[in-house]
Amino acid sequence: MLHRRIEARFDAMLERGLVEEVRTLRKRYALHPNLPSMRCVGYRQAWQFLEGEIDRDELRNRGIFATRQLAKRQLTWLRATPWIRGFDCLDLSIVAKSIDFLLREARAR
């Protein structure tokens, strides 16, 4: 499910003008590909596309792959952080469960 959502999100970013955004930023500011802002997921791949290093399909594929890697690192970090309580965003009862959790936490203090 996560992979499908990542694909849909990246496709939406492309449809809503990711490449045009990076193109405009490059025209407006003195940017280079090693800046932290240009190394972000999506921006890096759009930069490579604008430089002619990759085609549109490869932009999409690399962007999705990089987003999956980022999500995996984030999940690993969250699992290693014991004081963080996670909730399944696909669980239909997430609202009730999160409210219950917050009420229990408030009573415990």
# chains A, B, ... in the order shown; residues from 1 in each chain; ligands from 1

call {"tool": "residues_around", "arguments": {"residues": "Glu7 in chain A", "least_positions_apart": "2", "cutoff": "12 Å", "atoms": "only C-alpha atoms", "output": "number ranges by chain"}}
result
A: 1-5, 9-14, 60-68

call {"tool": "closest_residue", "arguments": {"among": "A:Val22, A:Ile99, A:Cys89, A:Ala80", "to": "Glu51 in chain A", "atoms": "only C-alpha atoms"}}
result
A:Val22

call {"tool": "closest_residue", "arguments": {"among": "A:Asn34, A:Gly42, A:Asp100, A:Leu78", "to": "Gly17 in chain A", "atoms": "only C-alpha atoms"}}
result
A:Gly42
